[in-house]
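Text of upload.pdb, listed as PDB, C-alpha atoms and all ligand atoms:
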ATOM      1  CA  MET A   1     -15.280   0.722   8.345  1.00  0.00           C
ATOM      2  CA  ARG A   2     -12.288  -0.991   6.727  1.00  0.00           C
ATOM      3  CA  HIS A   3      -8.691  -0.244   7.751  1.00  0.00           C
ATOM      4  CA  ILE A   4      -6.168  -1.098   5.060  1.00  0.00           C
ATOM      5  CA  MET A   5      -2.515  -0.601   5.908  1.00  0.00           C
ATOM      6  CA  VAL A   6       0.386  -0.610   3.451  1.00  0.00           C
ATOM      7  CA  LEU A   7       3.312  -1.856   5.479  1.00  0.00           C
ATOM      8  CA  ASN A   8       6.868  -3.099   5.090  1.00  0.00           C
ATOM      9  CA  SER A   9       9.765  -2.117   7.343  1.00  0.00           C
ATOM     10  CA  LYS A  10      11.922  -1.887   4.185  1.00  0.00           C
ATOM     11  CA  GLY A  11      12.150   1.691   2.909  1.00  0.00           C
ATOM     12  CA  GLY A  12      11.292   2.728  -0.627  1.00  0.00           C
ATOM     13  CA  CYS A  13       9.311  -0.389  -1.632  1.00  0.00           C
ATOM     14  CA  GLY A  14       6.196   1.559  -2.682  1.00  0.00           C
ATOM     15  CA  LYS A  15       4.122   1.924   0.502  1.00  0.00           C
ATOM     16  CA  SER A  16       3.081   5.518  -0.221  1.00  0.00           C
ATOM     17  CA  THR A  17       2.543   4.763  -3.906  1.00  0.00           C
ATOM     18  CA  LEU A  18       0.207   1.874  -3.084  1.00  0.00           C
ATOM     19  CA  ALA A  19      -1.559   3.726  -0.256  1.00  0.00           C
ATOM     20  CA  THR A  20      -2.366   6.789  -2.411  1.00  0.00           C
ATOM     21  CA  ASN A  21      -3.559   4.582  -5.277  1.00  0.00           C
ATOM     22  CA  ILE A  22      -5.744   2.400  -3.039  1.00  0.00           C
ATOM     23  CA  ALA A  23      -7.302   5.554  -1.559  1.00  0.00           C
ATOM     24  CA  ALA A  24      -7.944   7.053  -5.011  1.00  0.00           C
ATOM     25  CA  TYR A  25      -9.400   3.776  -6.273  1.00  0.00           C
ATOM     26  CA  PHE A  26     -12.054   3.571  -3.540  1.00  0.00           C
ATOM     27  CA  ALA A  27     -12.789   7.312  -3.688  1.00  0.00           C
ATOM     28  CA  ASN A  28     -13.573   6.855  -7.385  1.00  0.00           C
ATOM     29  CA  GLU A  29     -15.945   4.021  -6.485  1.00  0.00           C
ATOM     30  CA  GLY A  30     -17.956   6.572  -4.497  1.00  0.00           C
ATOM     31  CA  ALA A  31     -16.715   5.448  -1.073  1.00  0.00           C
ATOM     32  CA  THR A  32     -15.907   7.844   1.771  1.00  0.00           C
ATOM     33  CA  VAL A  33     -12.141   7.512   2.132  1.00  0.00           C
ATOM     34  CA  ALA A  34      -9.573   8.807   4.610  1.00  0.00           C
ATOM     35  CA  LEU A  35      -5.833   8.518   4.020  1.00  0.00           C
ATOM     36  CA  ALA A  36      -3.970   8.223   7.314  1.00  0.00           C
ATOM     37  CA  ASP A  37      -0.268   9.015   7.089  1.00  0.00           C
ATOM     38  CA  TYR A  38       1.736   7.455   9.944  1.00  0.00           C
ATOM     39  CA  ASP A  39       4.988   8.585   8.343  1.00  0.00           C
ATOM     40  CA  PRO A  40       6.266  12.025   9.468  1.00  0.00           C
ATOM     41  CA  GLN A  41       7.861  12.147   5.993  1.00  0.00           C
ATOM     42  CA  ARG A  42       4.260  12.970   4.906  1.00  0.00           C
ATOM     43  CA  SER A  43       4.431  11.521   1.384  1.00  0.00           C
ATOM     44  CA  SER A  44       0.716  10.664   1.371  1.00  0.00           C
ATOM     45  CA  LEU A  45      -0.312  14.042   2.784  1.00  0.00           C
ATOM     46  CA  ASP A  46       1.906  15.837   0.246  1.00  0.00           C
ATOM     47  CA  TRP A  47       0.193  13.875  -2.509  1.00  0.00           C
ATOM     48  CA  LEU A  48      -3.202  14.821  -1.120  1.00  0.00           C
ATOM     49  CA  ALA A  49      -2.212  18.520  -0.988  1.00  0.00           C
ATOM     50  CA  ARG A  50      -1.705  18.372  -4.768  1.00  0.00           C
ATOM     51  CA  ARG A  51      -4.987  16.588  -5.428  1.00  0.00           C
ATOM     52  CA  PRO A  52      -7.305  18.631  -7.702  1.00  0.00           C
ATOM     53  CA  ASP A  53     -10.654  19.699  -6.162  1.00  0.00           C
ATOM     54  CA  THR A  54     -12.426  18.226  -9.154  1.00  0.00           C
ATOM     55  CA  ARG A  55     -11.479  14.661  -8.099  1.00  0.00           C
ATOM     56  CA  PRO A  56     -13.373  12.582  -5.531  1.00  0.00           C
ATOM     57  CA  GLU A  57     -12.482  13.810  -2.073  1.00  0.00           C
ATOM     58  CA  ILE A  58     -10.069  11.971   0.214  1.00  0.00           C
ATOM     59  CA  VAL A  59      -9.698  13.177   3.803  1.00  0.00           C
ATOM     60  CA  GLY A  60      -6.076  13.402   4.966  1.00  0.00           C
ATOM     61  CA  LEU A  61      -5.141  12.399   8.523  1.00  0.00           C
ATOM     62  CA  ALA A  62      -1.794  13.342  10.060  1.00  0.00           C
ATOM     63  CA  ALA A  63      -1.891  10.060  11.965  1.00  0.00           C
ATOM     64  CA  PHE A  64       1.753  10.390  13.093  1.00  0.00           C
ATOM     65  CA  ASP A  65       0.498  13.280  15.274  1.00  0.00           C
ATOM     66  CA  ASP A  66      -3.042  12.439  16.279  1.00  0.00           C
ATOM     67  CA  GLY A  67      -3.997   8.992  14.967  1.00  0.00           C
ATOM     68  CA  PHE A  68      -7.512   8.746  13.554  1.00  0.00           C
ATOM     69  CA  LYS A  69      -8.860  11.578  15.712  1.00  0.00           C
ATOM     70  CA  HIS A  70     -10.145  13.565  12.728  1.00  0.00           C
ATOM     71  CA  ALA A  71     -11.386  10.612  10.702  1.00  0.00           C
ATOM     72  CA  PRO A  72     -14.878  11.094   9.275  1.00  0.00           C
ATOM     73  CA  ARG A  73     -17.320   8.976  11.295  1.00  0.00           C
ATOM     74  CA  ASN A  74     -18.950   7.698   8.132  1.00  0.00           C
ATOM     75  CA  ALA A  75     -15.670   6.647   6.475  1.00  0.00           C
ATOM     76  CA  ASP A  76     -15.942   3.414   4.484  1.00  0.00           C
ATOM     77  CA  TYR A  77     -12.172   3.031   4.185  1.00  0.00           C
ATOM     78  CA  ILE A  78      -9.215   4.298   6.154  1.00  0.00           C
ATOM     79  CA  VAL A  79      -6.113   3.658   4.055  1.00  0.00           C
ATOM     80  CA  ILE A  80      -2.970   3.804   6.151  1.00  0.00           C
ATOM     81  CA  ASP A  81       0.513   4.668   4.897  1.00  0.00           C
ATOM     82  CA  ALA A  82       3.086   3.241   7.336  1.00  0.00           C
ATOM     83  CA  PRO A  83       6.641   4.454   7.846  1.00  0.00           C
ATOM     84  CA  ALA A  84       9.738   2.399   7.050  1.00  0.00           C
ATOM     85  CA  ARG A  85      11.834   0.829   9.828  1.00  0.00           C
ATOM     86  CA  SER A  86       8.849  -0.078  12.005  1.00  0.00           C
ATOM     87  CA  HIS A  87       9.828  -2.742  14.516  1.00  0.00           C
ATOM     88  CA  GLY A  88       8.982  -3.963  18.013  1.00  0.00           C
ATOM     89  CA  LYS A  89       6.423  -1.942  19.906  1.00  0.00           C
ATOM     90  CA  GLU A  90       5.939   0.526  17.055  1.00  0.00           C
ATOM     91  CA  LEU A  91       5.121  -2.320  14.662  1.00  0.00           C
ATOM     92  CA  THR A  92       2.659  -3.840  17.161  1.00  0.00           C
ATOM     93  CA  ASN A  93       0.954  -0.449  17.576  1.00  0.00           C
ATOM     94  CA  LEU A  94       0.702   0.043  13.812  1.00  0.00           C
ATOM     95  CA  VAL A  95      -0.726  -3.422  13.188  1.00  0.00           C
ATOM     96  CA  ASN A  96      -3.355  -2.806  15.872  1.00  0.00           C
ATOM     97  CA  HIS A  97      -4.864  -0.164  13.565  1.00  0.00           C
ATOM     98  CA  ALA A  98      -5.645  -2.467  10.633  1.00  0.00           C
ATOM     99  CA  GLU A  99      -7.425  -5.688   9.695  1.00  0.00           C
ATOM    100  CA  THR A 100      -5.958  -5.765   6.198  1.00  0.00           C
ATOM    101  CA  ILE A 101      -2.249  -5.398   5.474  1.00  0.00           C
ATOM    102  CA  VAL A 102      -0.671  -5.008   2.043  1.00  0.00           C
ATOM    103  CA  VAL A 103       3.092  -5.624   1.841  1.00  0.00           C
ATOM    104  CA  PRO A 104       4.854  -4.289  -1.278  1.00  0.00           C
ATOM    105  CA  VAL A 105       8.141  -5.964  -2.236  1.00  0.00           C
ATOM    106  CA  LEU A 106      10.671  -4.850  -4.862  1.00  0.00           C
ATOM    107  CA  PRO A 107      12.597  -7.151  -7.201  1.00  0.00           C
ATOM    108  CA  SER A 108      15.903  -6.871  -5.386  1.00  0.00           C
ATOM    109  CA  MET A 109      17.834  -9.285  -3.183  1.00  0.00           C
ATOM    110  CA  ILE A 110      18.185  -6.622  -0.474  1.00  0.00           C
ATOM    111  CA  ASP A 111      14.415  -6.116  -0.436  1.00  0.00           C
ATOM    112  CA  MET A 112      13.597  -9.825  -0.432  1.00  0.00           C
ATOM    113  CA  GLN A 113      15.957 -10.463   2.480  1.00  0.00           C
ATOM    114  CA  ALA A 114      14.596  -7.502   4.430  1.00  0.00           C
ATOM    115  CA  THR A 115      11.043  -8.670   3.712  1.00  0.00           C
ATOM    116  CA  THR A 116      11.806 -12.197   4.977  1.00  0.00           C
ATOM    117  CA  ALA A 117      12.951 -10.723   8.293  1.00  0.00           C
ATOM    118  CA  PHE A 118       9.970  -8.374   8.340  1.00  0.00           C
ATOM    119  CA  LEU A 119       7.396 -11.138   7.678  1.00  0.00           C
ATOM    120  CA  ASP A 120       9.045 -13.227  10.415  1.00  0.00           C
ATOM    121  CA  GLU A 121       8.648 -10.381  12.874  1.00  0.00           C
ATOM    122  CA  LEU A 122       5.112  -9.655  11.684  1.00  0.00           C
ATOM    123  CA  LYS A 123       3.907 -13.208  12.220  1.00  0.00           C
ATOM    124  CA  HIS A 124       4.767 -12.939  15.934  1.00  0.00           C
ATOM    125  CA  VAL A 125       2.741  -9.765  16.427  1.00  0.00           C
ATOM    126  CA  GLY A 126      -0.216 -10.683  18.682  1.00  0.00           C
ATOM    127  CA  LYS A 127      -2.927  -9.481  16.296  1.00  0.00           C
ATOM    128  CA  ILE A 128      -1.497 -11.578  13.451  1.00  0.00           C
ATOM    129  CA  GLU A 129      -1.018 -14.631  15.702  1.00  0.00           C
ATOM    130  CA  ARG A 130      -4.673 -14.320  16.717  1.00  0.00           C
ATOM    131  CA  LYS A 131      -5.608 -14.112  13.007  1.00  0.00           C
ATOM    132  CA  GLN A 132      -7.288 -10.741  13.507  1.00  0.00           C
ATOM    133  CA  ALA A 133      -5.599  -9.270  10.453  1.00  0.00           C
ATOM    134  CA  LYS A 134      -5.018 -10.607   6.947  1.00  0.00           C
ATOM    135  CA  ILE A 135      -1.814  -9.987   5.015  1.00  0.00           C
ATOM    136  CA  ALA A 136      -1.040 -10.082   1.294  1.00  0.00           C
ATOM    137  CA  ALA A 137       2.158  -9.417  -0.626  1.00  0.00           C
ATOM    138  CA  VAL A 138       2.385  -7.380  -3.842  1.00  0.00           C
ATOM    139  CA  ALA A 139       5.387  -7.377  -6.171  1.00  0.00           C
ATOM    140  CA  ASN A 140       6.127  -3.773  -7.133  1.00  0.00           C
ATOM    141  CA  ARG A 141       8.251  -2.122  -9.845  1.00  0.00           C
ATOM    142  CA  VAL A 142       8.420  -5.328 -11.805  1.00  0.00           C
ATOM    143  CA  ARG A 143      10.311  -5.373 -15.086  1.00  0.00           C
ATOM    144  CA  ASP A 144       9.545  -8.263 -17.415  1.00  0.00           C
ATOM    145  CA  ASN A 145      12.351 -10.438 -18.700  1.00  0.00           C
ATOM    146  CA  THR A 146      14.704  -9.756 -15.840  1.00  0.00           C
ATOM    147  CA  LEU A 147      16.193 -12.566 -13.777  1.00  0.00           C
ATOM    148  CA  ILE A 148      15.536 -10.750 -10.539  1.00  0.00           C
ATOM    149  CA  TRP A 149      11.822 -10.580 -11.398  1.00  0.00           C
ATOM    150  CA  ASP A 150      11.796 -14.385 -11.807  1.00  0.00           C
ATOM    151  CA  ASP A 151      13.477 -14.617  -8.385  1.00  0.00           C
ATOM    152  CA  LEU A 152      10.919 -12.296  -6.765  1.00  0.00           C
ATOM    153  CA  ASP A 153       8.023 -14.167  -8.373  1.00  0.00           C
ATOM    154  CA  GLU A 154       9.365 -17.455  -7.023  1.00  0.00           C
ATOM    155  CA  TYR A 155      10.117 -15.933  -3.625  1.00  0.00           C
ATOM    156  CA  LEU A 156       6.582 -14.531  -3.230  1.00  0.00           C
ATOM    157  CA  THR A 157       4.962 -17.721  -4.540  1.00  0.00           C
ATOM    158  CA  LYS A 158       6.701 -19.639  -1.756  1.00  0.00           C
ATOM    159  CA  ALA A 159       6.139 -16.978   0.928  1.00  0.00           C
ATOM    160  CA  ARG A 160       3.748 -17.840   3.730  1.00  0.00           C
ATOM    161  CA  VAL A 161       1.457 -14.929   2.899  1.00  0.00           C
ATOM    162  CA  PRO A 162      -0.852 -14.786  -0.143  1.00  0.00           C
ATOM    163  CA  TYR A 163       0.781 -13.197  -3.177  1.00  0.00           C
ATOM    164  CA  VAL A 164      -2.016 -11.267  -4.853  1.00  0.00           C
ATOM    165  CA  ALA A 165      -0.611  -8.943  -7.527  1.00  0.00           C
ATOM    166  CA  ALA A 166       2.436  -7.831  -9.486  1.00  0.00           C
ATOM    167  CA  LEU A 167       2.683  -4.185 -10.550  1.00  0.00           C
ATOM    168  CA  ARG A 168       5.066  -3.084 -13.246  1.00  0.00           C
ATOM    169  CA  GLU A 169       7.565  -0.276 -13.021  1.00  0.00           C
ATOM    170  CA  ALA A 170       5.889   2.597 -14.851  1.00  0.00           C
ATOM    171  CA  GLN A 171       6.233   6.343 -15.163  1.00  0.00           C
ATOM    172  CA  ASN A 172       2.457   6.448 -14.698  1.00  0.00           C
ATOM    173  CA  TYR A 173       2.997   6.052 -10.940  1.00  0.00           C
ATOM    174  CA  VAL A 174       5.434   8.955 -10.862  1.00  0.00           C
ATOM    175  CA  ARG A 175       3.163  11.079 -13.067  1.00  0.00           C
ATOM    176  CA  ALA A 176       0.058  10.315 -11.033  1.00  0.00           C
ATOM    177  CA  TYR A 177       1.801  10.977  -7.703  1.00  0.00           C
ATOM    178  CA  THR A 178       3.072  14.357  -8.937  1.00  0.00           C
ATOM    179  CA  ARG A 179      -0.456  15.422  -9.871  1.00  0.00           C
ATOM    180  CA  GLY A 180      -2.236  14.171  -6.746  1.00  0.00           C
ATOM    181  CA  LEU A 181      -3.956  11.460  -8.761  1.00  0.00           C
ATOM    182  CA  GLY A 182      -4.198   7.698  -8.744  1.00  0.00           C
ATOM    183  CA  ILE A 183      -3.344   5.664 -11.836  1.00  0.00           C
ATOM    184  CA  PHE A 184      -7.096   5.044 -12.187  1.00  0.00           C
ATOM    185  CA  GLU A 185      -7.457   8.766 -12.843  1.00  0.00           C
ATOM    186  CA  LEU A 186      -4.975   8.815 -15.743  1.00  0.00           C
ATOM    187  CA  PRO A 187      -6.301   8.412 -19.295  1.00  0.00           C
ATOM    188  CA  GLU A 188      -7.165   4.832 -20.212  1.00  0.00           C
ATOM    189  CA  TYR A 189      -4.868   4.758 -23.256  1.00  0.00           C
ATOM    190  CA  LEU A 190      -1.913   5.441 -20.919  1.00  0.00           C
ATOM    191  CA  ALA A 191      -2.842   3.476 -17.844  1.00  0.00           C
ATOM    192  CA  TRP A 192      -4.865   0.431 -18.960  1.00  0.00           C
ATOM    193  CA  PRO A 193      -1.964  -2.015 -18.421  1.00  0.00           C
ATOM    194  CA  ASP A 194      -1.718  -0.776 -14.820  1.00  0.00           C
ATOM    195  CA  TRP A 195      -5.480  -1.008 -14.326  1.00  0.00           C
ATOM    196  CA  ASP A 196      -5.314  -4.661 -15.400  1.00  0.00           C
ATOM    197  CA  GLU A 197      -2.503  -5.349 -12.937  1.00  0.00           C
ATOM    198  CA  TRP A 198      -4.404  -3.718 -10.074  1.00  0.00           C
ATOM    199  CA  GLU A 199      -7.542  -5.784 -10.627  1.00  0.00           C
ATOM    200  CA  PRO A 200      -6.407  -8.794  -8.514  1.00  0.00           C
ATOM    201  CA  LEU A 201      -5.307  -6.486  -5.682  1.00  0.00           C
ATOM    202  CA  THR A 202      -8.568  -4.512  -5.522  1.00  0.00           C
ATOM    203  CA  SER A 203     -10.549  -7.779  -5.857  1.00  0.00           C
ATOM    204  CA  TRP A 204      -8.621  -9.227  -2.927  1.00  0.00           C
ATOM    205  CA  ILE A 205      -9.266  -6.107  -0.825  1.00  0.00           C
ATOM    206  CA  LYS A 206     -12.991  -6.283  -1.639  1.00  0.00           C
ATOM    207  CA  SER A 207     -13.197 -10.003  -0.889  1.00  0.00           C
ATOM    208  CA  LYS A 208     -13.672 -11.805   2.417  1.00  0.00           C
ATOM    209  CA  ARG A 209     -10.144 -13.191   1.988  1.00  0.00           C
ATOM    210  CA  SER A 210      -8.706  -9.847   3.116  1.00  0.00           C
ATOM    211  CA  GLN A 211     -10.863  -9.672   6.258  1.00  0.00           C
ATOM    212  CA  PRO A 212     -10.461 -11.596   9.504  1.00  0.00           C
TER
HETATM  213  N1  LIG B   1       5.465   0.751  -9.731  1.00  0.00           N
HETATM  214  C1  LIG B   1       6.274   1.808  -9.730  1.00  0.00           C
HETATM  215  N2  LIG B   1       6.797   2.285 -10.888  1.00  0.00           N
HETATM  216  C2  LIG B   1       7.646   3.338 -10.909  1.00  0.00           C
HETATM  217  N3  LIG B   1       8.050   3.992  -9.811  1.00  0.00           N
HETATM  218  C3  LIG B   1       7.577   3.566  -8.623  1.00  0.00           C
HETATM  219  C4  LIG B   1       6.673   2.470  -8.511  1.00  0.00           C
HETATM  220  N4  LIG B   1       6.395   2.281  -7.195  1.00  0.00           N
HETATM  221  C5  LIG B   1       7.084   3.218  -6.525  1.00  0.00           C
HETATM  222  N5  LIG B   1       7.805   3.991  -7.373  1.00  0.00           N
HETATM  223  C6  LIG B   1       8.728   5.077  -6.996  1.00  0.00           C
HETATM  224  O1  LIG B   1       9.647   4.540  -6.062  1.00  0.00           O
HETATM  225  C7  LIG B   1       9.966   5.506  -5.069  1.00  0.00           C
HETATM  226  C8  LIG B   1       9.625   4.948  -3.695  1.00  0.00           C
HETATM  227  O2  LIG B   1       8.231   4.746  -3.623  1.00  0.00           O
HETATM  228  P1  LIG B   1       7.401   5.142  -2.328  1.00  0.00           P
HETATM  229  O3  LIG B   1       7.772   6.486  -1.841  1.00  0.00           O
HETATM  230  O4  LIG B   1       5.968   4.860  -2.621  1.00  0.00           O
HETATM  231  O5  LIG B   1       7.975   4.040  -1.311  1.00  0.00           O
HETATM  232  P2  LIG B   1       7.804   3.985   0.272  1.00  0.00           P
HETATM  233  O6  LIG B   1       7.848   2.549   0.643  1.00  0.00           O
HETATM  234  O7  LIG B   1       6.608   4.766   0.677  1.00  0.00           O
HETATM  235  O8  LIG B   1       9.125   4.729   0.772  1.00  0.00           O
HETATM  236  P3  LIG B   1       9.457   5.155   2.300  1.00  0.00           P
HETATM  237  O9  LIG B   1       9.889   3.883   2.973  1.00  0.00           O
HETATM  238  O10 LIG B   1      10.538   6.167   2.153  1.00  0.00           O
HETATM  239  O11 LIG B   1       8.186   5.698   2.888  1.00  0.00           O
HETATM  240  C9  LIG B   1       9.190   6.758  -5.423  1.00  0.00           C
HETATM  241  O12 LIG B   1      10.025   7.600  -6.160  1.00  0.00           O
HETATM  242  C10 LIG B   1       8.054   6.229  -6.302  1.00  0.00           C
HETATM  243  O13 LIG B   1       7.602   7.182  -7.229  1.00  0.00           O
HETATM  244 MG    MG B   2       6.380   6.261   2.119  1.00  0.00          MG
END
Same coordinates, now as C-alpha cells:
Amino acid sequence: MRHIMVLNSKGGCGKSTLATNIAAYFANEGATVALADYDPQRSSLDWLARRPDTRPEIVGLAAFDDGFKHAPRNADYIVIDAPARSHGKELTNLVNHAETIVVPVLPSMIDMQATTAFLDELKHVGKIERKQAKIAAVANRVRDNTLIWDDLDEYLTKARVPYVAALREAQNYVRAYTRGLGIFELPEYLAWPDWDEWEPLTSWIKSKRSQP
C-alpha cells in the first residue's frame, strides 16, 4: 500500500487540487484508492461528495477525525490531503503517515519564501532525516512568459528536493473540482495539455525514485 501526501504549510498552493487529481488518476488506472483528508476544511471530501457514481470509486476518509481507521484493507493507494500551517509536532505526525510527499509551490515570492522555510523544517523531521520518505516539488498555476514563472523555475531547479513537474494555471482544474472529477476525466480536446504536464509527476510517483 502506497501513502502519497500532498503537503506544504503554505495555504492555497494547490494541495487539495493535486490530491484529488492524484486520487482520480490512480482510480482510473483500476487501482483501489482512498483519499484521506487531514484538513477539517474538507476540500477533498467535498470534492468526493460531488463525484458521479459512474466514475471509478474513491473511498473518502475523514482522517482529521479518525485517521485511516476506515481505509479499505486492500487499498493500493492512500492519497493524503494535508492542511495548511502544519508545523512542529503536527508536521511530524503528518509525515509519519506517508513515504511519498508532493509539495506544490505557486509562482509568487510569498510562496517561495514560505516554501523555503517549510522545506527547512521538513528536512529536520525524523522520518525525512532517516530517508524513510521521498519528497518532490511541483510548480503549480504556472503562466508562461511571466517573470515570476522564470523565478519559480530557477528556485525549484536549485531547491534541494527533486523538481518533477510544472502544471499550468487552467480553468480545467476549477471545472474538474466542481464536478468531482480529475482532469484525466475531462474530454481530451480540453485537457490534453494538462495530461502532458502530469505525465512526469505520475511517472515519478510510479517509479522507485518516489519510494524509500
Ligand atoms: N493549476 C491550477 N489552475 C487553476 N486554478 C488552480 C490550480 N491549482 C489550484 N487552483 C485553485 O487555487 C485555489 C487553491 O487551491 P487548493 O484549494 O487546491 O489549495 P490548497 O493548498 O489545498 O489550499 P488550503 O491551504 O486552503 O488547503 C482553488 O481555488 C483552486 O481551484
Ligand atoms: Mg486544501
How close does chain A get to ligand LIG 1 (chain B)? List, as a Markdown table, each residue of chain A within 6 Å, its nearest atom pair and the distance in Å to one decimal, counting only C-alpha atoms and all ligand atoms.
| residue | atom | partner | partner_atom | distance |
| --- | --- | --- | --- | --- |
| A:Gly11 | CA | B:LIG1 | O9 | 3.1 |
| A:Gly12 | CA | B:LIG1 | O8 | 3.3 |
| A:Cys13 | CA | B:LIG1 | O6 | 4.0 |
| A:Gly14 | CA | B:LIG1 | O4 | 3.3 |
| A:Lys15 | CA | B:LIG1 | O7 | 3.8 |
| A:Ser16 | CA | B:LIG1 | O7 | 3.7 |
| A:Thr17 | CA | B:LIG1 | O4 | 3.7 |
| A:Pro83 | CA | B:LIG1 | O11 | 5.3 |
| A:Ala84 | CA | B:LIG1 | O9 | 4.3 |
| A:Asn140 | CA | B:LIG1 | N1 | 5.3 |
| A:Arg141 | CA | B:LIG1 | N1 | 4.0 |
| A:Leu167 | CA | B:LIG1 | N1 | 5.7 |
| A:Arg168 | CA | B:LIG1 | N1 | 5.2 |
| A:Glu169 | CA | B:LIG1 | N2 | 3.4 |
| A:Ala170 | CA | B:LIG1 | N2 | 4.1 |
| A:Gln171 | CA | B:LIG1 | C2 | 5.4 |
| A:Tyr173 | CA | B:LIG1 | N2 | 5.4 |
| A:Val174 | CA | B:LIG1 | O13 | 4.6 |
For the provided coordinates, the residues matched by the PyMOL selection byres (((chain A and resi 42) around 12) and not hetatm) should be stated as a ChimeraX atom specification.
/A:15-16,20,35-41,43-49,60-65,80-83
The residue from A:Tyr163, A:Tyr177, A:Glu154, A:Tyr77 with the smallest atom-to-atom distance to ligand MG 2 (chain B), counting all atoms listed in the file, is A:Tyr177
Determine, counting all atoms listed in the file, which protein, DNA and RNA residues have an atom within 10 Å of an atom of Ala98 (chain A); residues of the same chain fewer than 5 positions away are not included. Present the result as a PyMOL selection string.
chain A and resi 2-6+78-80+93+127+132-134+211
Could the centre and edge lengths of an axis-aligned box, enclosing all atoms of region 76-80 of chain A in the file with 3 Å extra on each side, be given in Å to one decimal as AutoDock Vina command-line options?
--center_x -9.5 --center_y 3.7 --center_z 5.1 --size_x 19.0 --size_y 7.3 --size_z 8.1
Of the listed residues A:Arg73, A:Arg209, A:His124, A:Arg143, that which approaches Ser108 (chain A) most closely, counting only C-alpha atoms:
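Nearest candidate to Ser108 (chain A) out of A:Arg73, A:Arg209, A:His124, A:Arg143: A:Arg143.
Going from CA of Leu152 (chain A) over to CA of Thr202 (chain A), you cover 21.0 Å.
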Gap from CA of Tyr25 (chain A) to CA of Ala176 (chain A) - Å, one decimal:
12.4 Å
Hey, what's within 12 Å of Trp198 (chain A) if we count only C-alpha atoms and toss same-chain stuff fewer than 2 positions away? As a list in words, please?
Leu18, Asn21, Ile22, Tyr25, Val138, Ala139, Asn140, Val164, Ala165, Ala166, Leu167, Arg168, Gly182, Ile183, Phe184, Ala191, Trp192, Pro193, Asp194, Trp195, Asp196, Pro200, Leu201, Thr202, Ser203, Trp204 and Ile205 of chain A
If we count all atoms listed in the file and set the cut-off at 10 Å, which residues sit around Gly88 (chain A), ignoring sequence neighbours fewer than 2 positions away in its own chain? Please answer as an NGL selection string.
:A and (85-86 or 90-93 or 121-122 or 125)
Store the residues picked out above in a file with C-alpha atoms, as a PDB file, in the frame of the given file.
ATOM      1  CA  ARG A  85      11.834   0.829   9.828  1.00  0.00           C
ATOM      2  CA  SER A  86       8.849  -0.078  12.005  1.00  0.00           C
ATOM      3  CA  GLU A  90       5.939   0.526  17.055  1.00  0.00           C
ATOM      4  CA  LEU A  91       5.121  -2.320  14.662  1.00  0.00           C
ATOM      5  CA  THR A  92       2.659  -3.840  17.161  1.00  0.00           C
ATOM      6  CA  ASN A  93       0.954  -0.449  17.576  1.00  0.00           C
ATOM      7  CA  GLU A 121       8.648 -10.381  12.874  1.00  0.00           C
ATOM      8  CA  LEU A 122       5.112  -9.655  11.684  1.00  0.00           C
ATOM      9  CA  VAL A 125       2.741  -9.765  16.427  1.00  0.00           C
TER      10      VAL A 125
END
Selected by the PyMOL selection byres (((chain A and resi 156) around 12) and not hetatm) in the shown coordinates: which residues, as a ChimeraX atom specification?
/A:103-107,111-113,115-116,119,136-140,149-155,157-166
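Our summary of the geometry notes that CA of Phe118 (chain A) is positioned 20.7 Å from CA of Pro212 (chain A).
Nearest to ligand MG 2 (chain B) of all the residues A:Leu7, A:Ala75, A:Ala23, A:Val59 is A:Leu7, based on only C-alpha atoms and all ligand atoms.
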Could you tell me which residues the PyMOL selection byres (((chain A and resi 179) around 8) and not hetatm) grabs in this file, written as a ChimeraX atom specification?
/A:47,50-52,175-178,180-181
With all atoms listed in the file as the basis for distance, which of A:Ala114, A:Val33, A:Ile101, A:Ala19 is at the shortest distance from ligand MG 2 (chain B)?
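Of A:Ala114, A:Val33, A:Ile101, A:Ala19, the one nearest ligand MG 2 (chain B) is A:Ala19, counting all atoms listed in the file.
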Which residues, written as a compact mmCIF listing (two decimals) with C-alpha atoms, keeping the file's coordinate frame, have at least one atom at most 9 Å from Asn28 (chain A), with only C-alpha atoms counted and residues fewer than 2 positions away on the same chain left out?
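What landed in part_38.txt:
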# COMPACT_ATOMS: atom_id res chain seq x y z
CA ALA A 23 -7.30 5.55 -1.56
CA ALA A 24 -7.94 7.05 -5.01
CA TYR A 25 -9.40 3.78 -6.27
CA PHE A 26 -12.05 3.57 -3.54
CA GLY A 30 -17.96 6.57 -4.50
CA ALA A 31 -16.72 5.45 -1.07
CA ARG A 55 -11.48 14.66 -8.10
CA PRO A 56 -13.37 12.58 -5.53
CA GLU A 57 -12.48 13.81 -2.07
CA PHE A 184 -7.10 5.04 -12.19
CA GLU A 185 -7.46 8.77 -12.84
Closest of A:Asp66, A:Ala27, A:Glu197, A:Lys208 to Val142 (chain A) - atom-to-atom distances counting all atoms listed in the file
A:Glu197
Missing atoms in region 59-65 of chain A need filling: write out N, CA and C atoms for it as a CSV table (one decimal), keeping the file's coordinate frame.
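In the end it all went to result-v4.csv:
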chain,number,residue,atom,x,y,z
A,59,VAL,N,-10.0,12.4,2.6
A,59,VAL,CA,-9.7,13.2,3.8
A,59,VAL,C,-8.3,12.8,4.3
A,60,GLY,N,-7.4,13.7,4.5
A,60,GLY,CA,-6.1,13.4,5.0
A,60,GLY,C,-6.0,13.4,6.5
A,61,LEU,N,-5.3,12.4,7.1
A,61,LEU,CA,-5.1,12.4,8.5
A,61,LEU,C,-3.7,12.4,8.8
A,62,ALA,N,-3.2,13.3,9.6
A,62,ALA,CA,-1.8,13.3,10.1
A,62,ALA,C,-1.7,12.4,11.2
A,63,ALA,N,-1.8,11.1,10.9
A,63,ALA,CA,-1.9,10.1,12.0
A,63,ALA,C,-0.6,10.0,12.8
A,64,PHE,N,0.5,10.4,12.3
A,64,PHE,CA,1.8,10.4,13.1
A,64,PHE,C,1.6,11.3,14.3
A,65,ASP,N,0.7,12.3,14.2
A,65,ASP,CA,0.5,13.3,15.3
A,65,ASP,C,-0.7,12.9,16.1
